[in-house]
Every structure is written in C-alpha cells, then in structure tokens.
Amino acid sequence: MDLALSIFFQVLVDGIVLGFMYALIALGYTMVYGVLEFINFAHSEIFVVGAFVGVEILLGLEASGSLAAIHPAFVLLLVLLAGMVVSGLAAMGLERVAYRPLRRAPRLVPLISAIGASFFLQDFIRLVESLWRNSFYLTYPSLPALEKNLAFGAAVDVPVKSVLVIATALVMLLALYLFVNRTKIGLAIRAVAQDPDTASLMGIPVNRTIALTFFVGGAMGGAAGVLFGLHYSLISPYSGFVPGLKAFTAAVLGGIGNIPGAVLGGIVLGLMEAFAASYLSILTGGAFGAEYKDVFAFAALILILIFRPKGLLGEKVREEGV
Amino acid sequence: MKKQKGNKQFWILDCRFWIKSKIKNLKSKIGSGTAGWFLSIGLIGYIGLTCALVLYFPQSVLAFLLFEASLLLIYYVPLSRRTKLAFAAIVLIALMPVLGVVNGYYLEVAIQVGIFVALALGLNIVVGFVGLLNLGFVAFYAIGAYLWAIFGSPQANQFLPGGYFPLAPAWFFAFLLLSIVIGALTGALLGLPVLRLRGDYLAIVTLGFAEVVRALVNNLDKPINLTNGPRGITPIQRPPLFFGSLLETFGLQLDAAALYPLYFYFLVLVMALVVILVTRRLENSPVGRAWKAVREDEIAAAAMGIPVVRMKLLAFAVGASFASAIGVLFAAKQVFINPESFTFMESIGVLAMVILGGMGSVPGAILGATAVTILNLQLLKGLSLWLNALRQSGIVIFLPLLGSYDLTQIPAQFEPAKYERMIFGLILMLMMIFRPQGILPPRRQSRGGSTGSPSRGKSREN
C-alpha cells in the first residue's frame with residue numbers, strides 16, 4: 001500500500017491534466033450537438049489538425065534556429081493561437097462542405113458524412129505530411145522551459161507541462177463561458193441551439209451562427225491538440241480517434257449540449273482513467289493492468305448511454321425516431 | 001454558378017432519358033428474339049476476350065478488372081433471368097478458378113470479395129433494412145474468427161486440460177454452424193439493452209462495443225491466456241479436404257498448396273450464395289416487410305402491431321450471425337489471425353460498401369463490396385507498384401512553367417495502398433452529399449408511392 005500512497009498525487013495530477021484535455025475536446029462535441037443535435041464525428045481530426053499545426057510551427061522555428069532565441073512564453077502563445085485559428089477554420093470548412101448540404105436530411109445521413117469526413121481527414125493529414133516531411137509520426141521538439149518540475153511540498157513534483165495544460169485549459173474555459181453567456185454572439189448561439197427557426201425570425205443569421213459555433217468548438221479542439229502534442233510529444237494522423245471517443249464520452253457523461261457538463265464529464269473521466277491505469281494492477285494483484293483503461297472508458301460510455309443518456313448535468317434529451 | 005450547376009444536371013438527366021429509352025427499345029426488341037441472341041453473343045465475346053487478355057497478360061491489373069466487369073455487364077444486360085444466371089455461373093464456377101490458377105493473387109482477390117460481399121449483406125440487413133447504424137459490425141466477425149481460431153489451434157490447450165486441441169479439421173463445419181448460433185446470441189445480447197437508444201447514440205454504443213471487444217481480444221493473454229493477445233493465434237486448422245479420395249480416383253494429383261485456394265474460393269462462393277439467398281428470402285418475407293416498416297416510421301409500425309423491439313433484435317442477430325460465420329471461414333483461410341484484422345476501419349469499410357451500393361439493396365451491397373474490395377486490393381496496390389517503379393526509374397520530368405521534377409524525389413512514405421481510409425471516407429461523404437440512395441437503390445414495390453430513396457423520404461422533424 002506504500003506504493004499506492006506514494007503515487008497518489010502523481011496520478012491525481014495526471015488525471016486532472018487528462019481531464020482538462022478531454023474537457024477542451026468535449027466542448028467541440030457538445031457545442032455542435034447543442035446547436036445542430038448532431039455528433040460531429042470528425043471533431044477528433046480537428047483536434048489532430050491543431051496538434052500538427054503546432055508541431056509544424058515548432059519544427060519550423062527549430063529549423064530556422066530561432067526556437068531558442070524567442071522567449072518560450074511567446075512561442076507557446078504563437079503555437080496555441082495558430083493551432084486554434086487553423087483548427088477553427090478547418091471545422092468551419094468541414095461544416096460548409098460536409099454538413100450544411102445535409103442539414104434537413106434524416107439524422108443518420110450527416111452522421112455517416114461526418115464519419116466519412118473523419119476518415120478522409122486522417123489520411124489527408126497523412127498524405128500532406130508524407131509528401132512534406134516523408135513521415136507522418138512527428139515528435140514535438142522539446143522546450144527546455146517545459147521540462148522542469150515544480151515542487152509542491154516534499155512529496156509532490158508537478159511537471160511544468162501539466163501546470164501549463166491545466167492553466168491554459170482553465171483560461172480558455174473561462175473565456176468560453178464568458179463568451180457564450182455574456183456576449184451578444186453567445187446569446188445568438190444559445191438562441192439557435194434552442195430553436196433555429198424562431199431565432200432566424202428574430203433576425204439572427206442562423207447559418208453564420210452555426211459556422212461560428214463550429215469555429216469556436218474547433219478552436220477549443222485545436223488548442224487541446226497543441227496541448228496534447230506539448231504534453232505527450234508523439235503525434236500521428238490517427239492519434240485523434242481514441243481521445244476523440246473519450247471526449248465524446250465525457251460530453252455524454254456531463255450531459256451533451258451542456259458546456260459546464262462537458263468540463264465536469266472530462267475531469268471525471270480523466271481521473272477515472274488515470275486511477276484505473278495506475279491502480280488496476282495493484283488492486284488485482286497484477287492480473288489486469290493499465291491496458292484495460294480504454295475498456296473502462298468505453299464501458300462507461302455504453303453504460304451511461306444505456307442508463308442515463310441525459311448525463312450528469314443534462315436535462316433534455318429529445319426522444320425521436322431515427 | 002447556380003445556373004451552371006442546373007444546366008449540368010439537366011445534361012445528366014438528358015443522358016439518363018436517352019439511356020432509358022435505348023434500354024426500352026432493346027427490351028422491346030428482345031421480344032422478337034434476335035436482339036437477345038445478339039446480346040448473348042456479344043456477352044460471350046466480351047467474356048472470352050477478357051479471359052484471353054488475362055491469360056495472355058497474367059500480371060495485368062487492367063485485364064483482370066475488365067474480366068471482373070463482365071459480371072456487372074451480365075447484371076445489366078437486358079436478358080432473361082435464367083440466361084443471366086447461366087452466364088454468371090459459367091464465369092464464377094468455371095472461368096474464375098481457371099484464371100485463379102494462372103495468377104494466384106486473382107483467386108485471393110475473389111475470395112476477399114466473397115467475404116466482403118457476405119459481410120456487406122449482413123450489415124445491409126441492420127443498416128439498410130432496419131435503418132440502425134451499427135458501427136461495431138466487425139466485432140461479430142472477430143467473435144466468429146476467434147471462436148474457430150481458439151479451438152482450431154493449440155491455443156485452447158492453454159486454458160483447457162486434456163490436450164484435445166487443435167480439433168480435427170472436420171470440426172470446422174460444426175463450428176461454422178456453432179458460430180451462427182453464437183453470433184446470433186451475441187448480437188441479441190448487445191441489442192437487448194441498446195436498441196431503445198436513438199439512432200446516433202446507438203451508432204456510438206455499437207462502436208464502443210467493438211472497441212471493447214478488440215481491447216479484450218488484445219489483452220486477454222493474461223491472467224488466463226485466451227486469445228494470445230496482440231501476437232495472434234496460429235496455426236489454425238483448415239477445413240478437411242474430404243473430396244481428396246474422390247479426386248484421386250479420377251487420377252488427379254493432390255497438391256494441398258494449390259488446392260486450398262481453390263477450395264476456399266468455392267467455400268466462400270457457396271457461403272456468399274447462401275447469404276444472398278437468405279437475404280433475398282428474408283427481404284420479401286413478412287419479417288423483411290416489418291423491418292422496412294420499422295425503418296420508415298417506427299411509431300406507425302408499432303401502431304400496426306409490429307413488435308418493433310423484437311424485429312430490431314432479429315435484424316441484429318441475423319446480421320451478426322452472418323458476420324460470425326464468415327469470421328470462422330476467414331480464420332481458417334488466414335491460418336493466422338490477430339486483433340489487427342478487426343479494427344474500426346474494417347467496420348467503416350463494410351459500411352462504405354453498403355452505402356456505395358445503396359442502403360437496403362441486395363444487388364447494391366454486392367456491387368459495393370466488390371467495387372470497394374477491388375479498389376483496395378487492386379487499384380491502390382497497382383498505383384503503389386507503379387509509383388515505386390517510377391521512383392526507381394530515375395526519370396526527371398520537365399513541366400512547362402513549373403520546372404523539372406525528379407521522380408526519385410517522390411517521398412517513400414507516400415504509398416497509395418495505405419490510403420484505404422481516404423477511399424472509405426470519400427465514399428461515405430460523397431455518397432451522403434450527392435447520392436444518399438446509393439448506386440443501385442432498392443426497388444420499391446409501392447403502389448403509386450414515390451420511388452425515391454428510403455432515407456430521403458422523411459425529413460428531420462424538429
């Protein structure tokens with residue numbers, strides 16, 4: 001049990017980091033679902049786009065020799081902003097091309113289109129990187145400023161990377177909360193989510209608002225992608241699938257369409273996964289190891305959808321035919 | 001911009017009318033008999049020509065594609081049903097094996113096509129007939145494959161005492177039947193809790209289920225070694241050559257290595273035919289009509305006295321049993337299986353086949369499976385080989401205005417054969433946007449109703 005206690009804080013921090021990452025991705029799912037009642041399956045690839053934009057900029061800076069010369073804070077800000085803007089634009093383009101023509105179609109039609117878009121984007125990123133760098137598994141260059149640890153008390157060492165992820169995610173979540181709840185545009189988004197037809201009668205440009213929702217959700221996903229790359233280093237065009245599915249689980253867990261719910265769901269899921277990964281083998285005497293953490297997440301998804309589809313914080317789930 | 005688009009569409013419509021009128025003309029001429037003979041002779045000519053092409057150029061992808069297209073031609077030619085079936089039988093039973101002996105890879109392609117046809121038909125029942133999006137279809141395929149892999153190899157000795165394993169090859173057929181039962185049971189077991197979920201949630205849950213199955217298969221090498229984990233299981237028993245003695249009495253030499261591909265080809269052919277027949281019969285049965293009623297309008301179907309949940313369960317079970325039976329065959333054919341063969345991509349591939357052909361259409365599913373498999377196995381691979389040849393040729397192309405490009409500079413990581421996902425994705429996206437009813441939409445036997453696609457019929461209610 002000594003081991004169990006000594007790693008507890010480490011696991012807690014890992015879980016929270018993972019949780020905020022899931023929360024940022026889950027926002028994209030939940031905002032789009034809130035507005036269009038549709039699972040944007042390709043959101044996981046928007047996340048990967050962010051990660052690749054980040055790595056391309058960092059590699060470019062490294063190649064030109066200016067990575068060490070610029071203050072790391074500026075580098076981080078630049079990478080985050082670029083990742084957000086490109087991912088947001090990619091999400092908007094996706095909506096325009098693959099979803100808008102299908103808005104009046106039965107529910108499964110845009111979902112299938114989204115799955116197609118997801119697969120297409122995975123290989124598209126692979127194609128671009130294969131032609132550009134002759135490799136599609138890329139590693140983030142290490143930033144010396146991020147490799148240090150911050151000591152809290154005697155037992156707990158928190159890597160700067162983790163602090164960065166948590167701090168950035170908190171700032172962005174707060175900004176998003178204020179944006180949706182305190183601005184006119186946010187009001188428009190909420191109005192379209194409630195009733196697109198009435199909103200349009202009130203003079204809200206519905207198409208533009210939906211596009212904007214995709215941009216904001218995509219930007220959050222892009223930021224998560226950059227943070228993912230900074231934290232875990234290795235990325236590939238296919239590294240979005242599992243985090244995407246888990247973030248969707250988080251969105252459903254918190255109550256899909258509900259922004260605070262997505263954050264709560266993300267953190268619950270992240271903690272659950274981190275503890276399952278570290279403690280399963282201790283608790284079962286080595287019979288089941290960390291490799292079952294994915295099983296836990298997906299089993300959680302199935303159980304939530306079956307027993308409480310409205311999630312922890314959600315109120316409304318409309319029951320209707322396919 | 002808009003106007004151009006309109007004109008283009010009209011142009012396509014004109015073309016369609018033209019073709020339709022031609023076909024009508026032809027059909028009326030067939031009554032007189034002479035046109036039918038001409039068509040048959042033309043068909044025989046085409047088949048003979050492409051056959052000869054394949055025989056003369058055994059390595060040419062194009063020749064084999066032309067030969068494969070003869071089946072499509074047979075389907076489209078306006079001849080009597082019996083004549084068409086006779087032609088198809090000759091191509092599939094006599095010509096295909098001969099060409100397969102010339103180039104073994106063609107037989108492999110044909111076997112894969114057969115496997116995917118059966119899988120696509122299974123998924124077509126769930127997605128096409130009942131309108132339930134099942135994204136975890138490959139899980140049932142995996143269950144069937146592992147069922148035979150575990151007991152048809154020494155693997156089962158790891159957790160069962162007595163050393164009875166691998167089972168004798170003849171057990172293969174027993175497991176084929178058993179897998180139908182097990183597949184149906186797991187399908188129903190998964191269906192039971194999830195079928196009351198709404199369409200898109202159902203899709204995600206089935207996806208989660210498939211991922212759980214794959215993770216379990218991947219990790220159940222400890223504490224008890226059930227599946228041997230990512231290393232996979234080998235060697236798996238192949239079905240017995242029960243006709244061996246028969247062939248020997250005819251004085252034929254037995255060479256297992258050459259015989260097995262042919263044997264599997266005919267096994268797959270028989271299984272695919274059984275699946276096609278069963279699906280056809282189901283489609284036109286009261287069960288099939290109930291399925292379609294559930295797809296069109298669940299509430300109305302329930303009001304008409306159709307047991308909606310039981311019908312959905314049945315569809316899940318039937319689809320799953322097809323997949324799991326094909327899985328047994330797949331395991332026996334491959335001799336080696338591991339979890340890599342049962343990824344989410346496979347599910348989406350089968351879905352792309354169904355969507356391409358047309359949801360709810362049996363000929364569509366067959367066409368979709370054939371087209372996508374050939375695209376993956378032949379065209380993309382062919383493109384890869386061609387690129388490799390270009391790379392090694394060292395030719396430098398001079399393009400006007402763009403300058404020169406050294407072909408050895410084509411990045412080695414760029415391999416068209418690896419871009420299956422892009423193909424699947426493009427098929428799904430483009431079909432949903434431009435032709436959601438598929439290439440061969442199901443014929444609807446409605447009286448005076450619309451002939452549109454099932455999925456376009458009902459718009460989303462808000």
# chains A, B, ... in the order shown; residues from 1 in each chain; ligands from 1
>>> interface_residues(of="chain B", to="chain A", cutoff="8 Å", atoms="only C-alpha atoms", output="number ranges by chain")
B: 131, 133, 193-194, 197-201, 205, 208-209, 211-212, 215-216, 219, 222-223, 297-299, 410-414, 419, 421-430, 432-433, 436, 455-456, 458-460
>>> residues_around(residues="Leu267 (chain B)", least_positions_apart="3", cutoff="12 Å", atoms="only C-alpha atoms", output="number ranges by chain")
B: 93, 110-112, 114-115, 172-173, 176, 238-241, 260-264, 270-274, 325-326, 328-330, 332-333
>>> residues_around(residues="Ala191 (chain A)", least_positions_apart="2", cutoff="10 Å", atoms="only C-alpha atoms", output="ChimeraX atom specification")
/A:35,185-189,193-200,202,204,206,209
>>> select_by_dssp(residues="region 123-319 of chain B", states="helix (DSSP H, G or I)", output="PyMOL selection string")
chain B and resi 123-129+137-151+154-158+171-194+199-219+229-231+244-249+256-283+286-296+298-303+308-319
>>> atom_distance(atom1="CA of Leu24 (chain A)", atom2="CA of Gly221 (chain A)")
6.1 Å
>>> closest_atom_pairs(of="region 130-218 of chain A", to="region 253-271 of chain A", cutoff="10 Å", atoms="only C-alpha atoms", output="CSV")
residue,atom,partner,partner_atom,distance
A:Ala169,CA,A:Val263,CA,10.0
A:Leu170,CA,A:Val263,CA,9.9
A:Leu173,CA,A:Val263,CA,8.3
A:Leu176,CA,A:Ile259,CA,9.1
A:Tyr177,CA,A:Ile259,CA,7.9
A:Val180,CA,A:Ile259,CA,9.4
A:Ala193,CA,A:Gly257,CA,8.7
>>> write_last_selection(atoms="N, CA and C atoms", output="PDB file, in the first residue's frame")
ATOM      1  N   ALA A 169      -6.068  25.478 -20.083  1.00  0.00           N
ATOM      2  CA  ALA A 169      -7.437  24.988 -20.196  1.00  0.00           C
ATOM      3  C   ALA A 169      -8.375  25.824 -19.345  1.00  0.00           C
ATOM      4  N   LEU A 170      -7.944  26.173 -18.138  1.00  0.00           N
ATOM      5  CA  LEU A 170      -8.810  26.970 -17.262  1.00  0.00           C
ATOM      6  C   LEU A 170      -9.113  28.326 -17.884  1.00  0.00           C
ATOM      7  N   LEU A 173     -11.483  27.876 -20.809  1.00  0.00           N
ATOM      8  CA  LEU A 173     -12.841  27.527 -20.395  1.00  0.00           C
ATOM      9  C   LEU A 173     -13.561  28.749 -19.855  1.00  0.00           C
ATOM     10  N   LEU A 176     -14.469  30.968 -22.726  1.00  0.00           N
ATOM     11  CA  LEU A 176     -15.602  30.431 -23.467  1.00  0.00           C
ATOM     12  C   LEU A 176     -16.905  30.670 -22.706  1.00  0.00           C
ATOM     13  N   TYR A 177     -16.833  30.468 -21.393  1.00  0.00           N
ATOM     14  CA  TYR A 177     -18.025  30.651 -20.572  1.00  0.00           C
ATOM     15  C   TYR A 177     -18.525  32.085 -20.687  1.00  0.00           C
ATOM     16  N   VAL A 180     -19.990  32.754 -24.258  1.00  0.00           N
ATOM     17  CA  VAL A 180     -21.311  32.199 -24.532  1.00  0.00           C
ATOM     18  C   VAL A 180     -22.383  32.883 -23.698  1.00  0.00           C
ATOM     19  N   ALA A 193     -29.428  27.318 -30.618  1.00  0.00           N
ATOM     20  CA  ALA A 193     -29.474  25.996 -30.007  1.00  0.00           C
ATOM     21  C   ALA A 193     -30.887  25.667 -29.547  1.00  0.00           C
TER      22      ALA A 193
END
>>> closest_residue(among="B:Ala149, B:Leu121, B:Leu407, B:Ala69", to="Gly364 (chain B)", atoms="only C-alpha atoms")
B:Leu121
>>> closest_atom_pairs(of="region 272-320 of chain B", to="region 177-181 of chain B", cutoff="12 Å", atoms="only C-alpha atoms", output="JSON lines")
{"residue": "B:Val275", "atom": "CA", "partner": "B:Ile180", "partner_atom": "CA", "distance": 11.9}
{"residue": "B:Ala317", "atom": "CA", "partner": "B:Val181", "partner_atom": "CA", "distance": 9.0}
{"residue": "B:Val318", "atom": "CA", "partner": "B:Ile180", "partner_atom": "CA", "distance": 8.5}
{"residue": "B:Gly319", "atom": "CA", "partner": "B:Ile180", "partner_atom": "CA", "distance": 9.9}
{"residue": "B:Ala320", "atom": "CA", "partner": "B:Ile180", "partner_atom": "CA", "distance": 8.0}
>>> residues_around(residues="Ala274 (chain A)", least_positions_apart="2", cutoff="9 Å", atoms="only C-alpha atoms", output="mmCIF file with C-alpha atoms, in the first residue's frame")
data_model
loop_
_atom_site.group_PDB
_atom_site.id
_atom_site.type_symbol
_atom_site.label_atom_id
_atom_site.label_comp_id
_atom_site.auth_asym_id
_atom_site.auth_seq_id
_atom_site.Cartn_x
_atom_site.Cartn_y
_atom_site.Cartn_z
ATOM 1 C CA VAL A 11 -1.895 10.043 -10.503
ATOM 2 C CA LEU A 12 -4.198 12.817 -9.365
ATOM 3 C CA VAL A 13 -2.264 15.400 -11.362
ATOM 4 C CA ASP A 14 -2.143 13.123 -14.412
ATOM 5 C CA GLY A 15 -5.865 12.567 -14.143
ATOM 6 C CA ILE A 16 -6.626 16.264 -13.928
ATOM 7 C CA LEU A 18 -6.078 14.305 -18.936
ATOM 8 C CA LEU A 269 -13.393 10.624 -16.987
ATOM 9 C CA GLY A 270 -9.759 11.768 -16.860
ATOM 10 C CA LEU A 271 -9.479 10.981 -13.154
ATOM 11 C CA MET A 272 -11.223 7.648 -13.620
ATOM 12 C CA ALA A 276 -7.723 2.825 -13.386
ATOM 13 C CA ALA A 277 -4.432 2.874 -15.266
ATOM 14 C CA SER A 278 -2.322 3.070 -12.118
ATOM 15 C CA TYR A 279 -4.303 1.154 -9.549
ATOM 16 C CA ALA A 290 -3.169 -0.367 -17.341
ATOM 17 C CA LYS A 293 -8.173 1.743 -19.052
#
>>> closest_residue(among="B:Val117, B:Ile47, B:Val130, B:Ala293", to="Gly368 (chain B)", atoms="only C-alpha atoms")
B:Val117
>>> atom_distance(atom1="CA of Val85 (chain A)", atom2="CA of Tyr29 (chain A)")
17.5 Å
>>> select_by_dssp(residues="region 278-410 of chain B", states="strand (DSSP E or B)", output="PyMOL selection string")
chain B and resi 337+396-399+403-406
>>> write_last_selection(atoms="C-alpha atoms", output="PDB file, in the first residue's frame")
ATOM      1  CA  ILE B 337      -5.250 -14.041 -37.024  1.00  0.00           C
ATOM      2  CA  VAL B 396      13.209  13.608 -64.482  1.00  0.00           C
ATOM      3  CA  ILE B 397      10.034  15.223 -65.740  1.00  0.00           C
ATOM      4  CA  PHE B 398      10.190  18.671 -67.290  1.00  0.00           C
ATOM      5  CA  LEU B 399       6.952  20.530 -66.866  1.00  0.00           C
ATOM      6  CA  GLY B 403      10.324  23.435 -63.864  1.00  0.00           C
ATOM      7  CA  SER B 404      11.673  19.946 -63.547  1.00  0.00           C
ATOM      8  CA  TYR B 405      10.791  17.262 -61.053  1.00  0.00           C
ATOM      9  CA  ASP B 406      12.985  14.317 -60.285  1.00  0.00           C
TER      10      ASP B 406
END
>>> atom_distance(atom1="CA of Ala23 (chain A)", atom2="CA of Thr183 (chain A)")
22.0 Å
>>> closest_residue(among="B:Leu49, B:Leu55, B:Ile41, B:Val213", to="Pro339 (chain B)", atoms="only C-alpha atoms")
B:Val213
>>> residues_around(residues="Pro307 (chain B)", least_positions_apart="6", cutoff="12 Å", atoms="only C-alpha atoms", output="VMD selection string")
chain B and resid 287 290 to 291 293 to 294 298 to 301 313 to 314
>>> write_last_selection(atoms="N, CA and C atoms", output="PDB file, in the first residue's frame")
ATOM      1  N   VAL B 287     -41.185 -10.779 -42.356  1.00  0.00           N
ATOM      2  CA  VAL B 287     -40.166 -10.180 -41.490  1.00  0.00           C
ATOM      3  C   VAL B 287     -39.499  -9.007 -42.195  1.00  0.00           C
ATOM      4  N   ALA B 290     -41.715  -6.106 -42.284  1.00  0.00           N
ATOM      5  CA  ALA B 290     -41.796  -5.478 -40.957  1.00  0.00           C
ATOM      6  C   ALA B 290     -40.550  -4.630 -40.710  1.00  0.00           C
ATOM      7  N   TRP B 291     -39.370  -5.164 -41.102  1.00  0.00           N
ATOM      8  CA  TRP B 291     -38.139  -4.393 -40.930  1.00  0.00           C
ATOM      9  C   TRP B 291     -38.238  -3.058 -41.639  1.00  0.00           C
ATOM     10  N   ALA B 293     -40.854  -1.467 -42.516  1.00  0.00           N
ATOM     11  CA  ALA B 293     -41.853  -0.604 -41.879  1.00  0.00           C
ATOM     12  C   ALA B 293     -41.237   0.094 -40.678  1.00  0.00           C
ATOM     13  N   VAL B 294     -40.436  -0.645 -39.901  1.00  0.00           N
ATOM     14  CA  VAL B 294     -39.778  -0.046 -38.738  1.00  0.00           C
ATOM     15  C   VAL B 294     -38.836   1.059 -39.199  1.00  0.00           C
ATOM     16  N   GLU B 298     -41.125   4.203 -37.145  1.00  0.00           N
ATOM     17  CA  GLU B 298     -41.216   3.266 -36.038  1.00  0.00           C
ATOM     18  C   GLU B 298     -42.569   3.318 -35.341  1.00  0.00           C
ATOM     19  N   ILE B 299     -43.049   4.515 -35.145  1.00  0.00           N
ATOM     20  CA  ILE B 299     -44.296   4.668 -34.385  1.00  0.00           C
ATOM     21  C   ILE B 299     -45.459   4.078 -35.164  1.00  0.00           C
ATOM     22  N   ALA B 300     -45.478   4.380 -36.465  1.00  0.00           N
ATOM     23  CA  ALA B 300     -46.546   3.829 -37.288  1.00  0.00           C
ATOM     24  C   ALA B 300     -46.470   2.308 -37.313  1.00  0.00           C
ATOM     25  N   ALA B 301     -45.236   1.784 -37.393  1.00  0.00           N
ATOM     26  CA  ALA B 301     -45.080   0.333 -37.422  1.00  0.00           C
ATOM     27  C   ALA B 301     -45.605  -0.284 -36.135  1.00  0.00           C
ATOM     28  N   LEU B 313     -34.147  -6.683 -32.804  1.00  0.00           N
ATOM     29  CA  LEU B 313     -33.276  -7.714 -32.251  1.00  0.00           C
ATOM     30  C   LEU B 313     -32.988  -8.783 -33.295  1.00  0.00           C
ATOM     31  N   LEU B 314     -34.035  -9.178 -33.995  1.00  0.00           N
ATOM     32  CA  LEU B 314     -33.879 -10.215 -35.011  1.00  0.00           C
ATOM     33  C   LEU B 314     -32.877  -9.753 -36.078  1.00  0.00           C
TER      34      LEU B 314
END
>>> residues_around(residues="Ile374 (chain B)", least_positions_apart="2", cutoff="10 Å", atoms="only C-alpha atoms", output="VMD selection string")
chain B and resid 65 68 109 to 110 112 to 113 368 to 372 376 to 381
>>> write_last_selection(atoms="C-alpha atoms", output="short mmCIF file (atom, residue, chain, number, x, y, z; two decimals), in the first residue's frame")
data_model
loop_
_atom_site.label_atom_id
_atom_site.label_comp_id
_atom_site.auth_asym_id
_atom_site.auth_seq_id
_atom_site.Cartn_x
_atom_site.Cartn_y
_atom_site.Cartn_z
CA LEU B 65 -10.61 -5.66 -63.95
CA GLU B 68 -14.48 -8.72 -63.37
CA VAL B 109 -8.97 -11.12 -54.59
CA ALA B 110 -12.03 -13.19 -55.48
CA GLN B 112 -11.80 -11.43 -50.33
CA VAL B 113 -14.60 -10.10 -52.50
CA GLY B 368 -20.45 -2.07 -53.30
CA ALA B 369 -18.47 -4.86 -51.66
CA THR B 370 -16.97 -5.94 -54.96
CA ALA B 371 -16.09 -2.42 -56.06
CA VAL B 372 -14.52 -1.34 -52.77
CA ASN B 376 -8.41 -1.52 -52.24
CA LEU B 377 -6.72 -4.73 -53.29
CA GLN B 378 -6.00 -3.98 -56.91
CA LEU B 379 -6.20 -0.36 -57.90
CA LEU B 380 -4.47 1.16 -54.87
CA LYS B 381 -1.85 -1.58 -54.77
#
>>> residues_around(residues="Phe152 (chain A)", least_positions_apart="6", cutoff="12 Å", atoms="only C-alpha atoms", output="ChimeraX atom specification")
/A:9-10,13,158-160,163
>>> write_last_selection(atoms="C-alpha atoms", output="compact mmCIF listing (two decimals), in the first residue's frame")
# COMPACT_ATOMS: atom_id res chain seq x y z
CA PHE A 9 -0.66 12.73 -6.07
CA GLN A 10 1.13 11.96 -9.28
CA VAL A 13 -2.26 15.40 -11.36
CA VAL A 158 4.40 18.64 -10.73
CA PRO A 159 5.87 18.96 -14.21
CA VAL A 160 5.60 22.41 -15.74
CA VAL A 163 0.68 23.13 -14.99
